[in-house]
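What's in entry-v2.tsv: TSV, C-alpha atoms and all ligand atoms
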chain	number	residue	atom	x	y	z
A	222	MET	CA	76.88	107.22	50.71
A	223	TYR	CA	80.17	108.82	49.78
A	224	LEU	CA	79.86	111.22	52.72
A	225	LEU	CA	79.06	108.34	55.04
A	226	SER	CA	82.23	106.47	54.11
A	227	ILE	CA	84.29	109.61	54.67
A	228	CYS	CA	82.74	109.76	58.14
A	229	PHE	CA	83.81	106.17	58.74
A	230	VAL	CA	87.35	106.93	57.67
A	231	LEU	CA	87.44	109.91	60.05
A	232	LEU	CA	86.03	107.80	62.88
A	233	ASN	CA	88.68	105.17	62.30
A	234	ILE	CA	91.43	107.78	62.39
A	235	ALA	CA	90.00	109.16	65.67
A	236	ALA	CA	89.87	105.64	67.12
A	237	SER	CA	93.48	104.94	66.23
A	238	PHE	CA	94.57	108.16	67.97
A	239	ALA	CA	92.61	107.22	71.08
A	240	ALA	CA	94.39	103.87	71.46
A	241	GLU	CA	97.31	103.72	73.90
A	242	THR	CA	100.58	103.94	71.98
A	243	THR	CA	102.90	100.97	72.28
A	244	PHE	CA	106.12	100.94	74.27
A	245	ASP	CA	109.14	98.66	74.22
A	246	THR	CA	109.46	96.33	77.23
A	247	SER	CA	111.76	93.83	75.52
A	248	ARG	CA	114.75	94.35	77.84
A	249	TRP	CA	112.80	94.86	81.11
A	250	THR	CA	112.77	92.46	84.01
A	251	GLN	CA	109.81	92.96	86.32
A	252	SER	CA	109.86	91.17	89.67
A	253	LYS	CA	108.54	91.32	93.22
A	254	ILE	CA	111.63	91.95	95.30
A	255	PRO	CA	111.73	91.22	99.05
A	256	ILE	CA	113.61	93.80	101.12
A	257	ALA	CA	114.26	94.18	104.85
A	258	ASN	CA	114.79	97.86	105.66
A	259	PRO	CA	116.90	99.20	108.57
A	260	SER	CA	113.65	100.19	110.35
A	261	GLY	CA	112.99	96.46	110.76
A	262	GLU	CA	110.20	95.97	108.22
A	263	SER	CA	110.02	93.30	105.52
A	264	LEU	CA	108.40	94.49	102.30
A	265	VAL	CA	107.99	93.31	98.73
A	266	LEU	CA	108.60	95.96	96.09
A	267	ASN	CA	107.42	95.26	92.55
A	268	THR	CA	110.22	96.68	90.41
A	269	ILE	CA	111.09	97.15	86.74
A	270	ASP	CA	114.82	96.86	85.98
A	271	SER	CA	115.93	97.87	82.49
A	272	PRO	CA	119.64	97.40	81.65
A	273	PRO	CA	121.57	99.84	79.48
A	274	ARG	CA	121.71	98.82	75.82
A	275	SER	CA	124.80	96.67	75.61
A	276	ASN	CA	126.46	98.62	72.79
A	277	ALA	CA	125.93	102.04	74.47
A	278	THR	CA	128.44	103.83	76.72
A	279	GLN	CA	127.61	102.58	80.26
A	280	ASN	CA	126.46	105.66	82.14
A	281	GLY	CA	125.15	104.67	85.57
A	282	VAL	CA	121.85	104.09	87.33
A	283	ILE	CA	118.60	106.10	87.32
A	284	LEU	CA	115.92	105.37	89.96
A	285	ILE	CA	112.50	106.75	88.97
A	286	LEU	CA	109.63	107.28	91.45
A	287	HIS	CA	105.98	107.68	90.50
A	288	GLY	CA	103.19	109.66	92.17
A	289	TRP	CA	99.55	109.21	93.17
A	290	PRO	CA	97.19	107.86	91.82
A	291	GLU	CA	99.65	106.03	89.60
A	292	THR	CA	102.30	103.28	89.69
A	293	SER	CA	105.60	102.49	87.92
A	294	HIS	CA	103.45	102.24	84.76
A	295	GLN	CA	103.61	106.05	84.65
A	296	PHE	CA	107.11	105.76	83.13
A	297	ARG	CA	106.37	103.13	80.44
A	298	HIS	CA	107.32	105.49	77.60
A	299	VAL	CA	110.57	106.79	79.06
A	300	ILE	CA	112.33	103.73	80.53
A	301	THR	CA	113.68	102.18	77.32
A	302	PRO	CA	114.83	105.50	75.80
A	303	LEU	CA	116.93	106.16	78.95
A	304	SER	CA	118.36	102.62	78.77
A	305	ASP	CA	119.13	103.12	75.08
A	306	ALA	CA	121.24	106.10	76.18
A	307	GLY	CA	123.32	103.80	78.41
A	308	TYR	CA	121.58	103.97	81.79
A	309	ARG	CA	120.33	101.13	83.96
A	310	VAL	CA	116.82	102.23	84.87
A	311	ILE	CA	115.12	100.98	88.06
A	312	VAL	CA	111.44	101.80	88.55
A	313	PRO	CA	109.66	100.40	91.63
A	314	ASP	CA	106.06	100.63	92.79
A	315	TYR	CA	106.70	102.24	96.19
A	316	ARG	CA	105.16	100.82	99.36
A	317	GLY	CA	101.40	100.70	99.02
A	318	ALA	CA	101.28	101.00	95.20
A	319	GLY	CA	100.68	98.54	92.38
A	320	LEU	CA	101.94	95.06	93.20
A	321	SER	CA	104.07	96.14	96.19
A	322	SER	CA	103.29	95.42	99.88
A	323	LYS	CA	100.63	97.54	101.51
A	324	PRO	CA	101.70	97.85	105.16
A	325	LYS	CA	99.54	99.72	107.67
A	326	SER	CA	102.10	102.47	108.28
A	327	GLY	CA	105.41	103.90	107.15
A	328	TYR	CA	104.15	106.35	104.51
A	329	GLU	CA	106.37	109.21	105.71
A	330	LYS	CA	108.53	110.20	102.75
A	331	PHE	CA	111.86	109.88	104.63
A	332	GLN	CA	110.81	106.30	105.47
A	333	MET	CA	109.89	105.64	101.85
A	334	ALA	CA	113.30	106.99	100.79
A	335	GLU	CA	114.83	104.42	103.16
A	336	ASP	CA	112.88	101.65	101.39
A	337	MET	CA	114.35	102.82	98.08
A	338	HIS	CA	117.89	103.03	99.43
A	339	THR	CA	117.55	99.48	100.77
A	340	LEU	CA	116.32	98.28	97.37
A	341	ILE	CA	119.28	99.87	95.59
A	342	GLN	CA	122.06	99.05	98.04
A	343	SER	CA	121.01	95.77	99.69
A	344	HIS	CA	119.07	94.08	96.94
A	345	PHE	CA	120.73	95.34	93.77
A	346	ASN	CA	124.14	95.72	95.47
A	347	ILE	CA	124.61	99.09	93.78
A	348	SER	CA	127.12	101.10	95.82
A	349	GLU	CA	127.89	103.79	93.24
A	350	LYS	CA	126.07	107.13	93.39
A	351	ILE	CA	122.76	107.01	91.53
A	352	HIS	CA	120.48	109.56	89.85
A	353	VAL	CA	117.03	109.84	91.43
A	354	VAL	CA	114.03	111.21	89.51
A	355	GLY	CA	110.54	111.69	90.97
A	356	ASN	CA	107.16	113.12	89.96
A	357	ASP	CA	104.37	114.20	92.35
A	358	ILE	CA	104.59	112.15	95.62
A	359	GLY	CA	107.62	110.45	94.02
A	360	GLY	CA	109.17	113.94	93.94
A	361	MET	CA	108.78	114.25	97.73
A	362	ILE	CA	110.54	110.89	98.12
A	363	ALA	CA	113.28	111.86	95.64
A	364	TRP	CA	114.06	115.01	97.62
A	365	ALA	CA	114.07	112.98	100.87
A	366	TYR	CA	116.51	110.52	99.23
A	367	SER	CA	118.90	113.33	98.28
A	368	ALA	CA	118.62	114.75	101.82
A	369	ARG	CA	119.13	111.49	103.66
A	370	TYR	CA	121.69	109.85	101.35
A	371	PRO	CA	123.68	112.71	99.78
A	372	ASN	CA	126.79	110.55	99.51
A	373	ASP	CA	124.90	107.97	97.46
A	374	THR	CA	123.14	110.45	95.16
A	375	ALA	CA	124.82	111.78	92.00
A	376	SER	CA	121.88	114.03	91.11
A	377	VAL	CA	118.20	114.44	91.85
A	378	ALA	CA	115.40	115.65	89.55
A	379	TRP	CA	111.97	116.22	91.05
A	380	GLY	CA	108.85	118.34	90.81
A	381	GLU	CA	105.12	118.59	90.11
A	382	VAL	CA	104.49	118.65	93.83
A	383	PRO	CA	104.59	121.13	96.71
A	384	LEU	CA	107.19	119.84	99.20
A	385	PRO	CA	105.81	119.59	102.77
A	386	GLY	CA	107.37	122.27	105.00
A	387	THR	CA	108.01	124.87	102.27
A	388	VAL	CA	106.29	128.23	101.68
A	389	PHE	CA	104.84	126.83	98.43
A	390	TRP	CA	103.34	123.93	100.40
A	391	GLU	CA	101.37	126.35	102.57
A	392	GLU	CA	100.08	128.18	99.47
A	393	ILE	CA	99.04	125.07	97.53
A	394	TYR	CA	97.67	123.16	100.53
A	395	SER	CA	94.90	125.67	101.09
A	396	SER	CA	94.00	126.12	97.38
A	397	PRO	CA	90.77	124.59	95.95
A	398	GLU	CA	92.79	122.52	93.43
A	399	ALA	CA	94.35	120.63	96.34
A	400	TYR	CA	91.03	119.69	97.98
A	401	HIS	CA	92.15	116.05	97.90
A	402	PHE	CA	95.09	116.81	100.23
A	403	SER	CA	92.49	117.31	102.96
A	404	PHE	CA	89.92	114.77	101.74
A	405	ASN	CA	92.38	111.88	101.30
A	406	ALA	CA	93.76	112.49	104.79
A	407	VAL	CA	90.42	112.08	106.60
A	408	PRO	CA	90.53	108.76	108.51
A	409	ASP	CA	88.50	105.92	106.90
A	410	LEU	CA	85.91	108.07	105.08
A	411	PRO	CA	87.59	108.24	101.63
A	412	GLU	CA	87.93	104.43	101.60
A	413	ALA	CA	84.22	104.13	102.37
A	414	LEU	CA	83.21	106.58	99.64
A	415	VAL	CA	85.63	105.59	96.87
A	416	THR	CA	85.53	101.78	97.11
A	417	GLY	CA	83.71	100.53	94.01
A	418	LYS	CA	84.19	103.96	92.37
A	419	GLU	CA	87.98	103.81	92.03
A	420	ARG	CA	87.79	104.45	88.29
A	421	THR	CA	85.65	107.59	88.64
A	422	TYR	CA	87.78	109.07	91.41
A	423	ILE	CA	91.23	108.46	89.98
A	424	GLN	CA	90.27	109.42	86.42
A	425	SER	CA	89.21	112.82	87.75
A	426	PHE	CA	92.89	113.42	88.57
A	427	TYR	CA	94.13	112.40	85.12
A	428	ASP	CA	91.52	114.59	83.39
A	429	GLY	CA	91.67	117.41	85.89
A	430	VAL	CA	95.39	118.07	85.95
A	431	SER	CA	96.43	117.13	82.39
A	432	VAL	CA	96.82	119.60	79.57
A	433	LYS	CA	97.63	117.07	76.82
A	434	THR	CA	95.00	114.35	77.19
A	435	HIS	CA	95.85	111.92	74.34
A	436	TRP	CA	97.27	109.39	76.84
A	437	ILE	CA	94.09	109.08	78.95
A	438	THR	CA	92.51	106.16	77.07
A	439	ASP	CA	89.78	103.91	78.49
A	440	GLU	CA	92.28	101.06	78.40
A	441	LEU	CA	94.80	102.98	80.50
A	442	VAL	CA	92.23	104.18	83.05
A	443	ASP	CA	91.02	100.57	83.36
A	444	TYR	CA	94.60	99.53	84.04
A	445	TYR	CA	95.14	102.08	86.82
A	446	ALA	CA	91.62	101.49	88.26
A	447	HIS	CA	92.51	97.81	88.52
A	448	GLN	CA	95.70	98.70	90.44
A	449	PHE	CA	93.72	100.80	92.91
A	450	SER	CA	91.03	98.12	93.31
A	451	ARG	CA	93.48	95.67	94.87
A	452	PRO	CA	92.89	94.96	98.57
A	453	GLY	CA	94.45	97.75	100.63
A	454	ALA	CA	95.46	99.88	97.63
A	455	LEU	CA	93.09	102.78	98.27
A	456	ARG	CA	93.96	102.88	101.96
A	457	ALA	CA	97.67	102.76	101.21
A	458	GLY	CA	97.33	105.65	98.74
A	459	PHE	CA	95.43	107.74	101.30
A	460	GLU	CA	98.10	106.98	103.92
A	461	LEU	CA	100.53	109.00	101.75
A	462	TYR	CA	98.33	112.02	102.54
A	463	ARG	CA	97.76	111.11	106.20
A	464	ALA	CA	101.54	111.22	106.65
A	465	PHE	CA	101.86	114.83	105.39
A	466	ALA	CA	101.71	116.41	108.87
A	467	GLN	CA	104.64	114.25	109.93
A	468	ASP	CA	106.44	115.01	106.61
A	469	VAL	CA	106.13	118.75	107.31
A	470	LYS	CA	107.69	118.22	110.74
A	471	GLU	CA	110.50	115.95	109.51
A	472	ASN	CA	111.37	118.13	106.50
A	473	LYS	CA	111.50	121.32	108.62
A	474	GLU	CA	113.63	119.64	111.27
A	475	TRP	CA	115.97	118.24	108.63
A	476	LEU	CA	116.39	121.64	106.93
A	477	GLU	CA	116.98	123.43	110.26
A	478	LYS	CA	119.68	120.94	111.17
A	479	ASN	CA	121.39	120.46	107.80
A	480	GLY	CA	120.59	123.48	105.61
A	481	LYS	CA	119.73	123.01	101.94
A	482	VAL	CA	120.45	119.79	100.03
A	483	LYS	CA	123.79	120.06	98.24
A	484	VAL	CA	123.21	117.32	95.64
A	485	PRO	CA	122.85	118.81	92.10
A	486	THR	CA	119.10	119.28	91.61
A	487	LEU	CA	116.74	119.72	88.67
A	488	GLY	CA	113.27	121.14	89.30
A	489	MET	CA	110.84	119.58	86.77
A	490	PHE	CA	107.47	121.19	86.14
A	491	GLY	CA	104.71	121.35	83.53
A	492	GLY	CA	104.56	124.84	81.99
A	493	ALA	CA	100.77	124.85	81.71
A	494	PHE	CA	99.93	123.68	85.24
A	495	VAL	CA	99.45	125.52	88.55
A	496	LEU	CA	102.80	124.29	89.89
A	497	ALA	CA	104.80	125.81	86.98
A	498	ASN	CA	106.49	128.33	89.30
A	499	GLY	CA	107.76	125.61	91.65
A	500	GLY	CA	111.41	126.44	90.87
A	501	GLU	CA	111.46	128.93	93.73
A	502	MET	CA	110.36	126.20	96.15
A	503	VAL	CA	113.14	123.89	94.91
A	504	ARG	CA	115.63	126.70	95.69
A	505	GLU	CA	114.23	126.90	99.23
A	506	VAL	CA	115.41	123.31	99.90
A	507	ALA	CA	118.35	122.75	97.51
A	508	GLU	CA	121.49	124.75	96.78
A	509	ALA	CA	122.48	123.94	93.18
A	510	VAL	CA	119.29	124.07	91.13
A	511	GLU	CA	118.50	123.98	87.42
A	512	ASP	CA	115.01	124.21	85.93
A	513	LEU	CA	113.13	122.15	83.37
A	514	VAL	CA	109.71	123.60	82.58
A	515	ILE	CA	108.07	121.57	79.80
A	516	PRO	CA	105.88	123.90	77.73
A	517	GLY	CA	102.20	123.18	77.11
A	518	THR	CA	102.27	120.30	79.59
A	519	GLY	CA	100.21	119.58	82.72
A	520	HIS	CA	100.97	117.46	85.77
A	521	TRP	CA	101.78	114.03	84.27
A	522	LEU	CA	105.04	115.01	82.57
A	523	ALA	CA	106.27	111.57	81.47
A	524	GLU	CA	102.87	110.63	80.03
A	525	GLU	CA	101.97	113.96	78.43
A	526	SER	CA	105.39	114.85	76.99
A	527	PRO	CA	107.65	111.75	77.16
A	528	GLY	CA	110.05	112.99	74.45
A	529	GLU	CA	110.76	116.30	76.21
A	530	TRP	CA	110.97	114.48	79.57
A	531	VAL	CA	113.66	112.07	78.28
A	532	GLU	CA	115.61	114.86	76.59
A	533	GLY	CA	115.54	117.03	79.74
A	534	VAL	CA	116.51	114.20	82.11
A	535	LEU	CA	119.35	112.97	79.85
A	536	LYS	CA	120.76	116.47	79.48
A	537	PHE	CA	120.76	116.94	83.27
A	538	VAL	CA	122.02	113.53	84.43
A	539	GLY	CA	124.66	113.59	81.65
A	540	LYS	CA	126.32	116.54	83.42
A	541	HIS	CA	126.56	114.57	86.66
A	542	SER	CA	127.51	111.08	85.40
B	1	LIG	C1	123.41	99.65	68.97
B	1	LIG	O1	122.52	98.63	68.57
B	1	LIG	C2	121.28	99.12	68.07
B	1	LIG	C3	120.35	97.91	67.84
B	1	LIG	O2	121.02	96.87	67.23
B	1	LIG	C4	121.53	99.93	66.81
B	1	LIG	O3	120.31	100.43	66.30
B	1	LIG	C5	122.45	101.09	67.18
B	1	LIG	O4	122.77	101.85	66.04
B	1	LIG	C6	123.72	100.62	67.84
B	1	LIG	N1	124.45	101.77	68.36
B	1	LIG	C7	125.76	101.88	68.36
B	1	LIG	C8	126.32	103.11	69.00
B	1	LIG	O5	126.48	101.03	67.87
B	2	LIG	C1	123.72	91.01	96.27
B	2	LIG	O1	124.72	90.45	97.07
B	2	LIG	C2	124.26	89.39	97.91
B	2	LIG	C3	125.38	89.01	98.84
B	2	LIG	O2	126.56	88.80	98.12
B	2	LIG	C4	123.75	88.25	97.02
B	2	LIG	O3	123.24	87.22	97.84
B	2	LIG	C5	122.63	88.78	96.12
B	2	LIG	O4	122.21	87.76	95.22
B	2	LIG	C6	123.11	89.98	95.33
B	2	LIG	N1	121.94	90.55	94.63
B	2	LIG	C7	121.89	90.71	93.32
B	2	LIG	C8	120.60	91.26	92.77
B	2	LIG	O5	122.81	90.46	92.58
B	3	LIG	C1	129.05	112.02	103.58
B	3	LIG	O1	130.44	111.87	103.51
B	3	LIG	C2	131.16	112.85	104.27
B	3	LIG	C3	132.64	112.70	103.95
B	3	LIG	O2	133.06	111.37	104.12
B	3	LIG	C4	130.82	112.65	105.75
B	3	LIG	O3	131.49	113.63	106.52
B	3	LIG	C5	129.32	112.78	105.94
B	3	LIG	O4	128.97	112.50	107.28
B	3	LIG	C6	128.55	111.86	105.02
B	3	LIG	N1	127.14	112.21	105.09
B	3	LIG	C7	126.19	111.31	105.37
B	3	LIG	C8	124.80	111.83	105.47
B	3	LIG	O5	126.40	110.12	105.47

Could I get this file's structure written as C-alpha cells?
Ligand SMILES: *[C@@H]1O[C@H](CO)[C@@H](O)[C@H](O)[C@H]1NC(C)=O
Ligand SMILES: *[C@@H]1O[C@H](CO)[C@@H](O)[C@H](O)[C@H]1NC(C)=O
Ligand SMILES: *[C@@H]1O[C@H](CO)[C@@H](O)[C@H](O)[C@H]1NC(C)=O
Amino acid sequence: MYLLSICFVLLNIAASFAAETTFDTSRWTQSKIPIANPSGESLVLNTIDSPPRSNATQNGVILILHGWPETSHQFRHVITPLSDAGYRVIVPDYRGAGLSSKPKSGYEKFQMAEDMHTLIQSHFNISEKIHVVGNDIGGMIAWAYSARYPNDTASVAWGEVPLPGTVFWEEIYSSPEAYHFSFNAVPDLPEALVTGKERTYIQSFYDGVSVKTHWITDELVDYYAHQFSRPGALRAGFELYRAFAQDVKENKEWLEKNGKVKVPTLGMFGGAFVLANGGEMVREVAEAVEDLVIPGTGHWLAEESPGEWVEGVLKFVGKHS
C-alpha cells in the first residue's frame, strides 16, 4: 500500500514534468496583417508583436523567423524575455505557415525575405535598422534578408540549416538525415501520403532532431499537427523544399555579384546536432561572424534551451543596437 502511494507520487511528478510549461503572452498582440509586396502579391501574415517593457531602455526591433515544420509558436518562450530587455519583438508565420496565406508559389527565400521587409517597412512603418533572427528555414530567410536589405539590417543571427548554394549544403543534402529534403520536394506525392498522418510525420522531426525532449508534449504536438492540417498547409510547407533548386541558383548568383554579406552575423547552432560545425558555412557567406553553439542542444534551439538562446541573442544584438 505504502509502496503503491509512492508510485502514485512519482507518477504525478512525471506527469507534471511532461506538461508544457507556461509562457507569458500578456503584452503580445497577435493579428492577421494584410501586406502587398513589391512583387505584386497580396498576402495575410499572422504576426505576434510584443512591445518592449515600458520601463526598460528602448533598444530597437527584433524580427524572428521560424522553420519547418513549425510556426511562430516556436518562439513562445523567448519573446517576452527579449521584450523585457527593451526590444520590440515581431514574430510572423511566414507565407504558407500557421494562420498566414498559403499562395501557390513564391517560396524562394529571397521572395520570403521581401515579404518580411514589406511587413516591417510598409505595415509597421519601421524605417530604422532591425535585428533579424532565424532558425532552420527561417535561417535561410534571415540570411536572404541581410543580403537583400543590408541598409535596413543592424545584425543577423541564423543557423540550424545548411544554406542553399554553400559547400555545407552539398554535404548535408546528400546525407541520410536530410532524406526529407528530397522527399518533400517530390511533386504531389508527399501531400498524398502525409494527409491524415500530419501528426506522425511532423512529430518524427521533433523527436528525431532534438536532444532535450522535455518540450515535446502531446499537447504541443497536437497544436502543431493542427497547424499543418489546415487546408493547403502541407503543400505550402513542401513548397519551401521545392524552391531549393531556385534558392541555390539565386544565392550563388547573389554571392558572385556582391561577395559576402557585410551585416554583423551570428551563427547559431545546437552543440549536440549534426549541424554543430555550421560556423564555417556562415563564414562562406558573411564577413563579420561570431558563433553561438549551445551545448547539449539539438535542432530546436529556442524550445530546447530557451534561456541560453535569449542570453546569446541579447549579448549579440546588444553589441549592434
Ligand atoms: C520594471 O517593471 C517591472 C514590472 O513592474 C519590475 O519587475 C522591474 O523591476 C522594473 N524594472 C526597472 C528597471 O525599473
Ligand atoms: C503606417 O503608416 C500608414 C501611412 O501613414 C498608416 O496608414 C498605417 O496605419 C501605419 N501603420 C501602423 C501599423 O501604424
Ligand atoms: C546601401 O547604402 C549605400 C550607401 O548609401 C548604397 O550605396 C547602396 O546601394 C545601398 N545598398 C542597397 C542594397 O540598397

Taking all atoms listed in the file into account, report as a ChimeraX atom specification which residues have an atom no farther than 10 Å from an atom of ligand LIG 3 (chain B). /A:367-373,479

Would you write out those residues with C-alpha atoms, as a short mmCIF file (atom, residue, chain, number, x, y, z; two decimals), keeping the file's coordinate frame?
data_model
loop_
_atom_site.label_atom_id
_atom_site.label_comp_id
_atom_site.auth_asym_id
_atom_site.auth_seq_id
_atom_site.Cartn_x
_atom_site.Cartn_y
_atom_site.Cartn_z
CA SER A 367 118.90 113.33 98.28
CA ALA A 368 118.62 114.75 101.82
CA ARG A 369 119.13 111.49 103.66
CA TYR A 370 121.69 109.85 101.35
CA PRO A 371 123.68 112.71 99.78
CA ASN A 372 126.79 110.55 99.51
CA ASP A 373 124.90 107.97 97.46
CA ASN A 479 121.39 120.46 107.80
#

Please identify all polymer residues within 9 Å of A:Asn472, counting only C-alpha atoms, omitting same-chain residues fewer than 3 positions from it, and present them as an MDAnalysis selection string. chainID A and resid 331 365 384:387 467:469 475:477

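Taking only C-alpha atoms and all ligand atoms into account, every polymer residue with at least one atom at most 10 Å away from ligand LIG 2 (chain B) is listed here: Ile254, Leu340, Ile341, Gln342, Ser343, His344, Phe345, Asn346 and Ile347 of chain A.
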
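Of the listed residues A:Arg504, A:Lys478, A:Lys536, A:Arg274, the one whose atoms come nearest to ligand LIG 1 (chain B) is A:Arg274, with distances taken using only C-alpha atoms and all ligand atoms.
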
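Non-sequential neighbours of A:Ala306 (distance at most 12 Å, separation of 4 or more positions within a chain, only C-alpha atoms) are Ser271, Pro272, Pro273, Arg274, Ser275, Asn276, Ala277, Thr278, Gln279, Asn280, Gly281, Val282, Ile283, Val299, Ile300, Thr301, Pro302, Val310, Val531, Glu532, Val534, Leu535, Lys536, Val538 and Gly539 of chain A.
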
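When all atoms listed in the file are used to measure the gap to ligand LIG 1 (chain B), the shortest distance among A:Gln295, A:Lys253, A:Ala464, A:Asp305 belongs to A:Asp305.
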
Take every atom of ligand LIG 1 (chain B) listed in the file, fit an axis-aligned box around them, add 6 Å per side, and give the centre and edge lengths in Å to one decimal as lines of an AutoDock Vina configuration file.
center_x = 123.4
center_y = 100.0
center_z = 67.5
size_x = 18.2
size_y = 18.2
size_z = 15.0

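With all atoms listed in the file as the atoms that count, the residue of A:Ser304, A:Val353, A:Ser431, A:Glu381 with the shortest distance to ligand LIG 1 (chain B) is A:Ser304.
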
Nearest to ligand LIG 1 (chain B), chosen from A:Tyr315, A:Gly307, A:Asp409, A:Ser321, with all atoms listed in the file counted in the distances: A:Gly307

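The closest residue to A:Ser263, picked from A:Val388, A:Ser322, A:Lys470, A:Tyr394 and counting only C-alpha atoms, is A:Ser322.
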
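Omitting stretch 397-406 of chain A and its sequence neighbours fewer than 5 positions away, and counting all atoms listed in the file, the residues within 6 Å are Phe459, Tyr462 and Arg463 of chain A.
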
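Non-sequential neighbours of A:Pro313 (distance at most 7 Å, separation of 3 or more positions within a chain, only C-alpha atoms) are Leu266, Asn267, Thr268, Ile269, Leu286 and Ser293 of chain A.
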
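Residues of protein, DNA and RNA with at least one atom no farther than 12 Å from (114.1, 97.6, 109.2) are, using all atoms listed in the file, Ile256, Ala257, Asn258, Pro259, Ser260, Gly261, Glu262, Ser263, Leu264, Gly327, Gln332, Met333, Glu335, Asp336, His338, Thr339 and Ser343 of chain A.
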
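If you look at atom CA of A:Gly491 and atom CA of A:Trp390, they are 17.1 Å away from each other.
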
Give me the residues within 10 Å of A:Ala446 as a PyMOL selection string, counting all atoms listed in the file and dropping any in the same chain fewer than 3 places off. chain A and resi 290-291+417-424+440-443+449-451
